[in-house]
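Encoded as structure tokens, the structure appears first; notes follow it.
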Amino acid sequence: MKRIITATVQNHSGVLNRITGLLQRRQFNIESISVGATETEGISKMTLVVEVEDEQRLEQVTKQLNKQIDVLKVSDITDKAIVSRELALIKVSSSSQLRSEINGLIDPFRATIIDVSKDSLAVQVTGKPEKIDAIIELLRPYGIKELARTGLTAFLRGHQPNVTELTSYSLIK
Amino acid sequence: MTVEAKLEFQASTAPKTGADLLIDLLVNEGVDTLFGYPGGAVLPIYDSIYRAKNRIKHILFRHEQGSIHAAEGYARITGKPGVVIATSGPGATNLVTGILDAMMDSLPLVVFTGQVSRSVIGTDAFQEADVMAITTPITKHNYQVQSLSDLPRIVKEAFHIASTGRPGPVLIDIPKDISQQISYEETSEVDFVLPGYQPTTKPNPLQIKKLAESLTKAKKPVILAGAGILHAKASKELTDFSVKHNLPVVNTLLGLGSFPGDHSLFLGMGGMHGTYTANMALYECDLLINFGARFDDRLTGNIKQFAPNAKVSHIDIDPAEIGKNITTHIPIVADAKEALIELQNQMQESPNHQEWLTTLMDRKEKFPLWYKSSGKEVSPQWLIQALFKVTKGDAIITTDVGQHQMWTAQYFPFLKPHQWITSGGLGTMGYGFPAAIGAQLAAPDQTVVAVVGDGGFQMTLQELSVIQERNLPVKIIIVNNGALGMVRQWQEVFYKDRYSESLIPNQPDFVKLAESYHIRGMKVESTEDLVSMLPEFISYEGPILMDCRIPMEEKVYPMIAPGKGIHEMIGVKP
Ligand SMILES: Cc1ncc(C[n+]2csc(CCOP(=O)(O)OP(=O)(O)O)c2C)c(N)n1
């Protein structure tokens with residue numbers, strides 16, 4: 001199952017290496033990882049999308065992350081009310097004749113053309129990964145020359161509906 | 001006298017360096033012994049050590065691996081972090097085995113490595129190694145000092161992290177320019193906060209209540225006690241608790257000594273070469289209470305067949321160990337001692353499990369550990385029993401890795417904690433002898449015996465220099481079968497006698513070897529020799545080595561074959 005896990009970390013040198021090394025060593029598959037500064041100086045947040053087989057492995061991944069001295073907090077936010085976004089830059093082969101056709105195609109995705117050259121154009125799109133997958137599929141027939149995705153970043157919505165409590169992986173409670 | 005005066009003079013007028021600051025910080029931490037080896041990148045630190053001679057003792061080993069295993073032995077006995085220093089590059093990489101060994105066996109170490117100067121880091125400078133990358137997966141935490149002003153805080157944090165929670169090795173990499181820089185830092189109180197490191201020591205009382213209730217209802221309860229008991233200094237609490245409620249106890253390899261090895265409730269060691277009674281208890285129990293063991297695969301055998309009918313409670317200070325290998329019904333994150341005290345408080349009624357106890361006691365009686373002996377040649381099992389007898393069990397025993405290690409674990413009943421030093425998780429050959437040196441330094445008045453194989457001893461025997469130089473009365477018994485015995489055994493049992501690279505009849509004359517280091521040597525070739533020489537060997541007041549010949553064919557039994565369940569032991573007494 002695919003889970004979205006966020007980790008708040010102290011921005012010490014080598015922290016990214018600690019996390020990715022740990023996940024690799026313990027044989028966890030990372031689909032994407034994104035890192036960036038937070039509102040607090042010295043604190044960064046990582047958003048990881050991991051593929052785990054079962055609850056036990058999920059519990060292990062959060063516990064192993066938590067065990068790192070530089071990791072302050074780990075949350076599995078998959079089942080919470082969250083906002084999650086990814087950004088993709090897609091360079092598509094395109095002659096000037098095709099430009100308006102592509103423009104029409106990407107418009108419903110609220111994507112924008114951010115660079116144009118004689119035989120290609122670059123599209124920027126933000127959204128959930130599925131949306132990005134969809135636009136990539138639509139653009140593929142034109143010939144994708146280059147593709148760059150940031151990986152998912154996410155956080156909790158301001159309001160959490162009071163639905164069924166989620167499984168908590170803290171044993172300390 | 002004049003030399004002393006001169007040293008003092010130097011120390012007081014020369015400007016203080018980063019290295020001097022480091023030594024001050026170590027003294028403040030209460031460090032009395034350094035285990036190390038010098039080199040270019042740590043020259044400034046060694047100069048400070050030279051000038052600080054009367055404040056801190058440095059033991060020079062003959063290989064960095066020797067120094068770190070000694071530090072592990074020291075940590076095992078004192079409970080305090082062992083402090084290691086090595087130079088950059090090859091000095092640091094020579095420590096890798098020991099760092100991982102300490103990580104696997106949860107031993108507190110603070111390891112200092114020199115690094116090339118900051119201006120050349122990343123240029124493949126002479127003796128540069130990316131020690132941070134190499135040691136990140138094998139340390140509890142590691143630091144590279146980027147500025148001298150960080151050093152006091154880093155040292156404090158390192159000692160704290162190494163010795164609290166689940167202990168482990170912490171490494172500090174110090175670039176040479178930092179240790180030789182002039183220091184204006186104060187060593188007085190530094191504060192640190194580690195918001196990402198807050199080990200839980202107090203158990204959740206509700207979880208303890210659940211455990212207490214399950215225990216009262218249990219018909220077939222068993223306690224599995226690991227080294228967590230030793231780290232928590234909870235062996236008295238464990239013993240009182242199990243005696244009060246008549247609970248049988250199984251030890252892990254590393255947990256030996258946490259419960260008296262001669263107690264009627266003691267079932268022996270569990271796992272691959274454990275006792276039949278212990279393993280069957282783990283297999284048949286309906287409640288398994290694990291205090292501070294990590295359900296290592298050498299203990300569990302095939303996990304699908306481990307404690308199949310049991311409710312499992314696991315008490316561990318490291319939450320990540322709980323549920324890692326074995327599904328756990330009552331998880332309790334806590335220090336073992338605090339958990340035991342709380343559990344004792346909450347126990348209303350002892351379980352009613354007389355039938356179970358009778359079965360176990362019957363089995364202990366019917367299926368004890370056993371071996372055949374010609375009487376003439378030395379049986380290794382008998383050697384260990386004799387060692388127990390002669391020392392009256394009052395000795396620190398270290399081992400290397402292999403058959404002799406398992407025989408020692410099986411046949412030496414450890415009566416009290418902190419007597420037993422062995423490499424469990426990593427199974428590091430070459431560990432036993434240097435670890436004994438560290439133990440002897442930690443406990444100068446105790447008898448320390450290193451039981452080693454002829455194979456493993458040859459991996460770190462260069463440290464004979466150290467015991468000779470310091471006149472440390474470490475006693476070395478080479479259980480000499482002329483083979484890499486444990487490998488040979490597996491080749492005999494699982495590879496149809498194809499002894500591939502496991503026979504090593506070509507060996508030095510160990511007695512002469514000892515003598516060349518001015519250490520006394522003895523050769524034992526028969527039971528008779530052993531009977532006459534062992535008492536003298538043990539009472540000898542100085543370093544001494546015994547080359548004890550045993551039959552090559554001797555095997556460690558009983559055993560669980562790889563992939564088999566814990567109830568499928570072979571070689572149980574017929
Ligand atoms: C550093 C290292 N290399 C290899 C091994 C694999 N190994 C495990 S036991 C063993 C044989 C040990 O032989 P010896 O030291 O003579 O002890 P014995 O088994 O004969 O008692 C070997 C090679 C190991 N545990 N550690």
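All residue names refer to the structure tokens as shown: chains lettered A, B, ... in order, residues numbered from 1 in each chain, ligands numbered from 1 in order.
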
Item to check | Contact set, chain B to chain A: 10 Å, only C-alpha atoms, as a ChimeraX atom specification | outcome: /B:132-133,136-137,140-144,161,194-200,202-204,207,318-327,330-334

Item to check | Those in region 61-128 of chain A with strand (DSSP E) from DSSP, as a VMD selection string | outcome: chain A and resid 71 to 76 82 to 93 112 to 116 120 to 127

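The list of residues with at least one atom within 12 Å of Gly104 (chain A), based on only C-alpha atoms and without residues fewer than 6 positions apart in the same chain, reads Leu98, Arg110, Ala111, Thr112, Ile113, Leu138 and Leu139 of chain A.
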
Take the residues from that selection and write them out as a compact mmCIF listing (two decimals), in the first residue's frame, keeping N, CA, C and O atoms.
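Final output, saved to out-v1.txt:
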# COMPACT_ATOMS: atom_id res chain seq x y z
N LEU A 98 1.14 23.24 -33.70
CA LEU A 98 0.52 22.43 -32.66
C LEU A 98 0.28 23.19 -31.36
O LEU A 98 -0.40 22.72 -30.47
N ARG A 110 -5.30 23.42 -15.62
CA ARG A 110 -4.74 24.68 -15.13
C ARG A 110 -3.21 24.66 -15.17
O ARG A 110 -2.53 25.11 -14.27
N ALA A 111 -2.73 24.05 -16.27
CA ALA A 111 -1.28 24.05 -16.48
C ALA A 111 -0.92 25.26 -17.34
O ALA A 111 -1.79 25.82 -18.00
N THR A 112 0.33 25.67 -17.30
CA THR A 112 0.72 26.84 -18.08
C THR A 112 1.94 26.54 -18.92
O THR A 112 2.76 25.68 -18.56
N ILE A 113 2.04 27.25 -20.01
CA ILE A 113 3.23 27.11 -20.84
C ILE A 113 4.24 28.14 -20.35
O ILE A 113 3.94 29.33 -20.26
N LEU A 138 -1.61 12.46 -21.65
CA LEU A 138 -2.20 13.22 -22.77
C LEU A 138 -1.12 13.83 -23.66
O LEU A 138 -1.30 13.95 -24.88
N LEU A 139 -0.03 14.21 -23.05
CA LEU A 139 1.02 14.89 -23.82
C LEU A 139 1.96 13.91 -24.52
O LEU A 139 2.67 14.27 -25.45

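Contacts with ligand 1 are defined as any residue atom within 7 Å of a ligand atom, using only C-alpha atoms and all ligand atoms; the residues meeting this criterion are Asp400, Val401, Gly402, Gln403, His404, Gln405, Gly427, Thr428, Met429, Gly430, Val452, Gly453, Asp454, Gly455, Gly456, Phe457, Val479, Asn480, Asn481, Gly482, Ala483, Leu484, Gly485, Met486 and Val487 of chain B.
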
File of the preceding selection, N, CA, C and O atoms, as a CSV table (one decimal), in the first residue's frame:
chain,number,residue,atom,x,y,z
B,400,ASP,N,35.5,-15.5,22.1
B,400,ASP,CA,35.5,-15.1,20.7
B,400,ASP,C,34.2,-15.7,20.1
B,400,ASP,O,33.2,-15.9,20.8
B,401,VAL,N,34.2,-16.0,18.8
B,401,VAL,CA,33.0,-16.5,18.1
B,401,VAL,C,33.3,-17.9,17.5
B,401,VAL,O,34.3,-18.1,16.9
B,402,GLY,N,32.4,-18.8,17.8
B,402,GLY,CA,32.5,-20.1,17.2
B,402,GLY,C,32.0,-21.2,18.2
B,402,GLY,O,31.2,-20.9,19.1
B,403,GLN,N,32.5,-22.4,18.1
B,403,GLN,CA,32.1,-23.5,18.9
B,403,GLN,C,32.4,-23.2,20.4
B,403,GLN,O,31.6,-23.4,21.3
B,404,HIS,N,33.6,-22.7,20.7
B,404,HIS,CA,34.1,-22.5,22.1
B,404,HIS,C,33.1,-21.5,22.7
B,404,HIS,O,32.9,-21.5,23.9
B,405,GLN,N,32.6,-20.5,21.9
B,405,GLN,CA,31.7,-19.5,22.4
B,405,GLN,C,30.4,-20.2,22.9
B,405,GLN,O,29.9,-19.9,24.0
B,427,GLY,N,28.7,-11.3,15.8
B,427,GLY,CA,29.5,-12.6,15.8
B,427,GLY,C,30.9,-12.3,15.2
B,427,GLY,O,31.3,-12.9,14.2
B,428,THR,N,31.6,-11.4,15.9
B,428,THR,CA,32.9,-11.0,15.4
B,428,THR,C,34.1,-11.8,15.9
B,428,THR,O,34.4,-11.7,17.1
B,429,MET,N,34.6,-12.6,15.0
B,429,MET,CA,35.9,-13.3,15.4
B,429,MET,C,37.0,-12.2,15.7
B,429,MET,O,37.0,-11.2,15.0
B,430,GLY,N,37.8,-12.5,16.7
B,430,GLY,CA,38.8,-11.5,17.0
B,430,GLY,C,38.4,-10.6,18.2
B,430,GLY,O,39.2,-9.8,18.6
B,452,VAL,N,39.0,-18.5,23.8
B,452,VAL,CA,39.1,-18.1,22.4
B,452,VAL,C,39.3,-19.4,21.5
B,452,VAL,O,39.8,-20.4,22.0
B,453,GLY,N,39.0,-19.3,20.2
B,453,GLY,CA,39.3,-20.4,19.3
B,453,GLY,C,40.7,-20.1,18.7
B,453,GLY,O,41.2,-19.0,18.7
B,454,ASP,N,41.3,-21.2,18.2
B,454,ASP,CA,42.6,-21.0,17.6
B,454,ASP,C,42.5,-20.1,16.3
B,454,ASP,O,43.5,-19.5,15.9
B,455,GLY,N,41.3,-20.1,15.7
B,455,GLY,CA,41.1,-19.3,14.5
B,455,GLY,C,41.0,-17.8,14.9
B,455,GLY,O,41.8,-17.0,14.5
B,456,GLY,N,40.0,-17.5,15.7
B,456,GLY,CA,39.7,-16.1,16.1
B,456,GLY,C,40.9,-15.5,16.8
B,456,GLY,O,41.2,-14.3,16.6
B,457,PHE,N,41.6,-16.2,17.6
B,457,PHE,CA,42.7,-15.6,18.4
B,457,PHE,C,43.8,-15.1,17.4
B,457,PHE,O,44.4,-14.0,17.7
B,479,VAL,N,41.0,-22.7,22.9
B,479,VAL,CA,40.3,-24.0,22.8
B,479,VAL,C,40.7,-24.5,21.4
B,479,VAL,O,40.1,-24.1,20.4
B,480,ASN,N,41.8,-25.2,21.3
B,480,ASN,CA,42.5,-25.4,20.1
B,480,ASN,C,42.1,-26.8,19.4
B,480,ASN,O,42.5,-27.8,19.8
B,481,ASN,N,41.3,-26.6,18.3
B,481,ASN,CA,40.9,-27.8,17.6
B,481,ASN,C,41.5,-27.8,16.2
B,481,ASN,O,41.1,-28.6,15.4
B,482,GLY,N,42.4,-27.0,16.0
B,482,GLY,CA,43.1,-27.0,14.7
B,482,GLY,C,42.2,-26.7,13.5
B,482,GLY,O,42.4,-27.1,12.4
B,483,ALA,N,41.1,-26.1,13.8
B,483,ALA,CA,40.1,-25.8,12.7
B,483,ALA,C,39.3,-24.6,13.0
B,483,ALA,O,39.3,-24.1,14.2
B,484,LEU,N,38.6,-24.1,12.0
B,484,LEU,CA,37.6,-23.1,12.2
B,484,LEU,C,36.4,-23.9,12.5
B,484,LEU,O,35.5,-24.2,11.7
B,485,GLY,N,36.4,-24.3,13.8
B,485,GLY,CA,35.5,-25.3,14.3
B,485,GLY,C,34.0,-25.2,13.9
B,485,GLY,O,33.4,-26.1,13.4
B,486,MET,N,33.5,-24.0,14.1
B,486,MET,CA,32.0,-23.9,13.8
B,486,MET,C,31.8,-24.0,12.3
B,486,MET,O,30.8,-24.7,11.9
B,487,VAL,N,32.7,-23.6,11.5
B,487,VAL,CA,32.5,-23.7,10.0
B,487,VAL,C,32.7,-25.2,9.7
B,487,VAL,O,31.9,-25.8,8.9

Next on the checklist: Set the distance at 12 Å and use only C-alpha atoms: which residues neighbour region 127-135 of chain A once local chain neighbours fewer than 6 positions away are removed? I'd like the list as a count of residues only.
Outcome noted: 35

Checklist entry - What is the CA of Ser119 (chain B)-CA of Ser88 (chain B) distance in Å, reported with one decimal? => result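 A separation of 15.0 Å between them.
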
Item to check | Proximity to Gly40 (chain B) - best of B:Lys376, B:Lys304, B:His58, B:Lys176, only C-alpha atoms | outcome: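 Distance minimum relative to Gly40 (chain B) lands on B:Lys176.
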
Next on the checklist: Please return, as a list in words, all residues of region 176-209 of chain B that DSSP assigns to helix (DSSP H, G or I) on the basis of the backbone.
Outcome noted: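 Of region 176-209 of chain B, the ones in helix (DSSP H, G or I) are Lys176, Asp177, Ile178, Ser179, Gln180, Pro205, Leu206, Gln207, Ile208 and Lys209 of chain B.
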
Could the residues in this selection be saved with all heavy atoms as an mmCIF file, in the first residue's frame?
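Listing of again-v6.cif after writing:
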data_model
loop_
_atom_site.group_PDB
_atom_site.id
_atom_site.type_symbol
_atom_site.label_atom_id
_atom_site.label_comp_id
_atom_site.auth_asym_id
_atom_site.auth_seq_id
_atom_site.Cartn_x
_atom_site.Cartn_y
_atom_site.Cartn_z
ATOM 1 N N LYS B 176 41.588 18.047 11.587
ATOM 2 C CA LYS B 176 42.847 18.361 12.259
ATOM 3 C C LYS B 176 42.986 19.851 12.570
ATOM 4 O O LYS B 176 43.476 20.236 13.638
ATOM 5 C CB LYS B 176 44.010 17.893 11.380
ATOM 6 C CG LYS B 176 45.363 18.058 12.052
ATOM 7 C CD LYS B 176 46.475 17.471 11.200
ATOM 8 C CE LYS B 176 47.799 17.534 11.948
ATOM 9 N NZ LYS B 176 48.902 16.987 11.149
ATOM 10 N N ASP B 177 42.534 20.696 11.651
ATOM 11 C CA ASP B 177 42.701 22.140 11.898
ATOM 12 C C ASP B 177 41.911 22.576 13.125
ATOM 13 O O ASP B 177 42.277 23.532 13.801
ATOM 14 C CB ASP B 177 42.312 22.956 10.664
ATOM 15 C CG ASP B 177 40.868 22.735 10.263
ATOM 16 O OD1 ASP B 177 40.430 21.573 10.222
ATOM 17 O OD2 ASP B 177 40.150 23.723 10.015
ATOM 18 N N ILE B 178 40.830 21.867 13.420
ATOM 19 C CA ILE B 178 40.041 22.231 14.604
ATOM 20 C C ILE B 178 40.762 21.812 15.874
ATOM 21 O O ILE B 178 40.816 22.560 16.850
ATOM 22 C CB ILE B 178 38.628 21.624 14.519
ATOM 23 C CG1 ILE B 178 37.856 22.401 13.444
ATOM 24 C CG2 ILE B 178 37.916 21.661 15.876
ATOM 25 C CD1 ILE B 178 36.406 22.087 13.336
ATOM 26 N N SER B 179 41.387 20.636 15.849
ATOM 27 C CA SER B 179 42.036 20.226 17.090
ATOM 28 C C SER B 179 43.334 20.996 17.332
ATOM 29 O O SER B 179 43.787 21.079 18.465
ATOM 30 C CB SER B 179 42.247 18.708 17.137
ATOM 31 O OG SER B 179 42.940 18.275 16.016
ATOM 32 N N GLN B 180 43.903 21.575 16.282
ATOM 33 C CA GLN B 180 45.126 22.338 16.565
ATOM 34 C C GLN B 180 44.900 23.837 16.690
ATOM 35 O O GLN B 180 45.807 24.598 17.031
ATOM 36 C CB GLN B 180 46.232 22.015 15.552
ATOM 37 C CG GLN B 180 45.950 22.436 14.142
ATOM 38 C CD GLN B 180 46.943 21.809 13.151
ATOM 39 O OE1 GLN B 180 47.741 20.962 13.543
ATOM 40 N NE2 GLN B 180 46.886 22.218 11.906
ATOM 41 N N PRO B 205 1.164 2.504 32.451
ATOM 42 C CA PRO B 205 0.585 1.637 33.497
ATOM 43 C C PRO B 205 -0.572 0.779 32.991
ATOM 44 O O PRO B 205 -0.794 -0.334 33.486
ATOM 45 C CB PRO B 205 0.102 2.620 34.569
ATOM 46 C CG PRO B 205 0.376 3.989 34.074
ATOM 47 C CD PRO B 205 1.134 3.921 32.797
ATOM 48 N N LEU B 206 -1.288 1.270 31.987
ATOM 49 C CA LEU B 206 -2.407 0.475 31.463
ATOM 50 C C LEU B 206 -1.902 -0.783 30.744
ATOM 51 O O LEU B 206 -2.512 -1.853 30.839
ATOM 52 C CB LEU B 206 -3.251 1.304 30.500
ATOM 53 C CG LEU B 206 -4.015 2.456 31.161
ATOM 54 C CD1 LEU B 206 -4.728 3.292 30.117
ATOM 55 C CD2 LEU B 206 -5.009 1.902 32.185
ATOM 56 N N GLN B 207 -0.800 -0.617 30.045
ATOM 57 C CA GLN B 207 -0.214 -1.778 29.363
ATOM 58 C C GLN B 207 0.308 -2.776 30.390
ATOM 59 O O GLN B 207 0.162 -3.988 30.232
ATOM 60 C CB GLN B 207 0.925 -1.341 28.436
ATOM 61 C CG GLN B 207 0.492 -0.518 27.246
ATOM 62 C CD GLN B 207 -0.320 -1.346 26.273
ATOM 63 O OE1 GLN B 207 -1.554 -1.376 26.350
ATOM 64 N NE2 GLN B 207 0.346 -2.035 25.366
ATOM 65 N N ILE B 208 0.902 -2.242 31.451
ATOM 66 C CA ILE B 208 1.410 -3.126 32.514
ATOM 67 C C ILE B 208 0.244 -3.875 33.158
ATOM 68 O O ILE B 208 0.341 -5.062 33.473
ATOM 69 C CB ILE B 208 2.182 -2.304 33.574
ATOM 70 C CG1 ILE B 208 3.435 -1.678 32.948
ATOM 71 C CG2 ILE B 208 2.516 -3.153 34.786
ATOM 72 C CD1 ILE B 208 4.629 -2.589 32.829
ATOM 73 N N LYS B 209 -0.863 -3.173 33.310
ATOM 74 C CA LYS B 209 -2.039 -3.815 33.906
ATOM 75 C C LYS B 209 -2.485 -4.988 33.028
ATOM 76 O O LYS B 209 -2.771 -6.077 33.520
ATOM 77 C CB LYS B 209 -3.158 -2.772 34.045
ATOM 78 C CG LYS B 209 -4.416 -3.284 34.682
ATOM 79 C CD LYS B 209 -5.224 -2.119 35.264
ATOM 80 C CE LYS B 209 -6.488 -2.599 35.937
ATOM 81 N NZ LYS B 209 -7.642 -2.650 35.023
#

Item to check | Shell around Gln468 (chain B) at 7 Å using only C-alpha atoms, local window under 6 positions removed, as a PyMOL selection string | outcome: chain B and resi 517-519+543

Please identify all polymer residues within 12 Å of Val222 (chain B), counting only C-alpha atoms, omitting same-chain residues fewer than 5 positions from it, and present them as an mmCIF file with N, CA and C atoms, in the first residue's frame.
data_model
loop_
_atom_site.group_PDB
_atom_site.id
_atom_site.type_symbol
_atom_site.label_atom_id
_atom_site.label_comp_id
_atom_site.auth_asym_id
_atom_site.auth_seq_id
_atom_site.Cartn_x
_atom_site.Cartn_y
_atom_site.Cartn_z
ATOM 1 N N LEU B 215 -0.843 -12.390 32.851
ATOM 2 C CA LEU B 215 0.066 -13.284 33.568
ATOM 3 C C LEU B 215 -0.692 -14.079 34.635
ATOM 4 N N SER B 242 10.448 -13.177 39.375
ATOM 5 C CA SER B 242 10.176 -14.529 38.894
ATOM 6 C C SER B 242 10.119 -15.512 40.060
ATOM 7 N N HIS B 245 6.633 -15.241 41.800
ATOM 8 C CA HIS B 245 5.500 -15.844 41.082
ATOM 9 C C HIS B 245 5.860 -17.171 40.433
ATOM 10 N N ASN B 246 7.033 -17.693 40.782
ATOM 11 C CA ASN B 246 7.438 -18.997 40.259
ATOM 12 C C ASN B 246 7.508 -19.055 38.741
ATOM 13 N N LEU B 247 8.092 -18.043 38.146
ATOM 14 C CA LEU B 247 8.085 -17.977 36.685
ATOM 15 C C LEU B 247 9.405 -18.482 36.112
ATOM 16 N N PRO B 248 9.321 -19.420 35.181
ATOM 17 C CA PRO B 248 10.541 -19.924 34.560
ATOM 18 C C PRO B 248 11.176 -18.864 33.654
ATOM 19 N N VAL B 249 12.502 -18.886 33.602
ATOM 20 C CA VAL B 249 13.223 -17.867 32.853
ATOM 21 C C VAL B 249 14.172 -18.502 31.828
ATOM 22 N N VAL B 250 14.108 -17.951 30.603
ATOM 23 C CA VAL B 250 15.044 -18.324 29.546
ATOM 24 C C VAL B 250 15.900 -17.087 29.281
ATOM 25 N N ASN B 251 17.197 -17.290 29.062
ATOM 26 C CA ASN B 251 18.066 -16.170 28.701
ATOM 27 C C ASN B 251 18.415 -16.211 27.223
ATOM 28 N N LEU B 265 14.557 -22.183 38.627
ATOM 29 C CA LEU B 265 13.619 -21.647 37.630
ATOM 30 C C LEU B 265 14.308 -21.308 36.302
ATOM 31 N N PHE B 266 15.616 -21.445 36.268
ATOM 32 C CA PHE B 266 16.349 -21.104 35.052
ATOM 33 C C PHE B 266 16.331 -22.279 34.080
ATOM 34 N N LEU B 267 15.858 -22.028 32.878
ATOM 35 C CA LEU B 267 15.743 -23.113 31.897
ATOM 36 C C LEU B 267 16.948 -23.188 30.976
ATOM 37 N N GLY B 270 18.156 -19.882 25.295
ATOM 38 C CA GLY B 270 17.297 -20.282 24.188
ATOM 39 C C GLY B 270 18.030 -20.116 22.872
ATOM 40 N N THR B 277 14.925 -27.721 26.914
ATOM 41 C CA THR B 277 13.852 -27.252 27.793
ATOM 42 C C THR B 277 13.508 -25.785 27.508
ATOM 43 N N ALA B 278 14.537 -24.963 27.339
ATOM 44 C CA ALA B 278 14.296 -23.543 27.084
ATOM 45 C C ALA B 278 13.545 -23.364 25.771
ATOM 46 N N ASN B 279 13.997 -24.057 24.738
ATOM 47 C CA ASN B 279 13.366 -23.876 23.435
ATOM 48 C C ASN B 279 11.949 -24.433 23.399
ATOM 49 N N MET B 280 11.735 -25.555 24.048
ATOM 50 C CA MET B 280 10.378 -26.092 24.086
ATOM 51 C C MET B 280 9.453 -25.176 24.894
ATOM 52 N N ALA B 281 10.004 -24.548 25.915
ATOM 53 C CA ALA B 281 9.194 -23.607 26.694
ATOM 54 C C ALA B 281 8.796 -22.426 25.809
ATOM 55 N N LEU B 282 9.733 -21.950 25.002
ATOM 56 C CA LEU B 282 9.403 -20.842 24.101
ATOM 57 C C LEU B 282 8.375 -21.288 23.061
ATOM 58 N N TYR B 283 8.461 -22.548 22.679
ATOM 59 C CA TYR B 283 7.541 -23.056 21.664
ATOM 60 C C TYR B 283 6.132 -23.266 22.221
ATOM 61 N N GLU B 284 6.049 -23.817 23.430
ATOM 62 C CA GLU B 284 4.737 -24.232 23.946
ATOM 63 C C GLU B 284 4.030 -23.204 24.820
ATOM 64 N N CYS B 285 4.742 -22.165 25.225
ATOM 65 C CA CYS B 285 4.172 -21.242 26.211
ATOM 66 C C CYS B 285 2.881 -20.593 25.709
ATOM 67 N N ASP B 286 2.047 -20.170 26.647
ATOM 68 C CA ASP B 286 0.850 -19.413 26.245
ATOM 69 C C ASP B 286 1.025 -17.919 26.538
ATOM 70 N N LEU B 287 2.053 -17.588 27.311
ATOM 71 C CA LEU B 287 2.376 -16.171 27.520
ATOM 72 C C LEU B 287 3.893 -16.032 27.545
ATOM 73 N N LEU B 288 4.384 -15.224 26.621
ATOM 74 C CA LEU B 288 5.829 -15.008 26.544
ATOM 75 C C LEU B 288 6.101 -13.557 26.909
ATOM 76 N N ILE B 289 6.859 -13.388 27.993
ATOM 77 C CA ILE B 289 7.189 -12.023 28.414
ATOM 78 C C ILE B 289 8.657 -11.774 28.112
ATOM 79 N N ASN B 290 8.899 -10.919 27.146
ATOM 80 C CA ASN B 290 10.269 -10.638 26.723
ATOM 81 C C ASN B 290 10.738 -9.322 27.340
ATOM 82 N N PHE B 291 11.721 -9.431 28.212
ATOM 83 C CA PHE B 291 12.326 -8.220 28.783
ATOM 84 C C PHE B 291 13.651 -7.946 28.076
ATOM 85 N N ALA B 307 6.883 -19.611 19.222
ATOM 86 C CA ALA B 307 5.820 -19.335 20.189
ATOM 87 C C ALA B 307 4.444 -19.212 19.519
ATOM 88 N N ALA B 310 1.346 -18.383 21.737
ATOM 89 C CA ALA B 310 1.539 -17.471 22.869
ATOM 90 C C ALA B 310 0.992 -16.081 22.600
ATOM 91 N N LYS B 311 0.533 -15.508 23.681
ATOM 92 C CA LYS B 311 0.341 -14.079 23.709
ATOM 93 C C LYS B 311 1.733 -13.523 24.001
ATOM 94 N N VAL B 312 2.167 -12.542 23.224
ATOM 95 C CA VAL B 312 3.527 -12.043 23.398
ATOM 96 C C VAL B 312 3.522 -10.640 23.977
ATOM 97 N N SER B 313 4.261 -10.471 25.055
ATOM 98 C CA SER B 313 4.472 -9.121 25.569
ATOM 99 C C SER B 313 5.953 -8.811 25.428
ATOM 100 N N PRO B 351 0.062 -16.641 38.786
ATOM 101 C CA PRO B 351 -0.651 -17.587 37.926
ATOM 102 C C PRO B 351 -0.698 -18.968 38.576
ATOM 103 N N HIS B 353 0.111 -22.343 37.558
ATOM 104 C CA HIS B 353 0.760 -23.023 36.428
ATOM 105 C C HIS B 353 1.656 -24.161 36.898
ATOM 106 N N TRP B 356 2.592 -26.898 34.301
ATOM 107 C CA TRP B 356 3.613 -26.402 33.362
ATOM 108 C C TRP B 356 5.011 -26.488 33.996
ATOM 109 N N LEU B 357 5.093 -26.056 35.228
ATOM 110 C CA LEU B 357 6.386 -26.105 35.923
ATOM 111 C C LEU B 357 6.875 -27.539 36.050
ATOM 112 N N LEU B 360 8.262 -28.688 32.786
ATOM 113 C CA LEU B 360 9.565 -28.083 32.503
ATOM 114 C C LEU B 360 10.663 -28.704 33.357
#
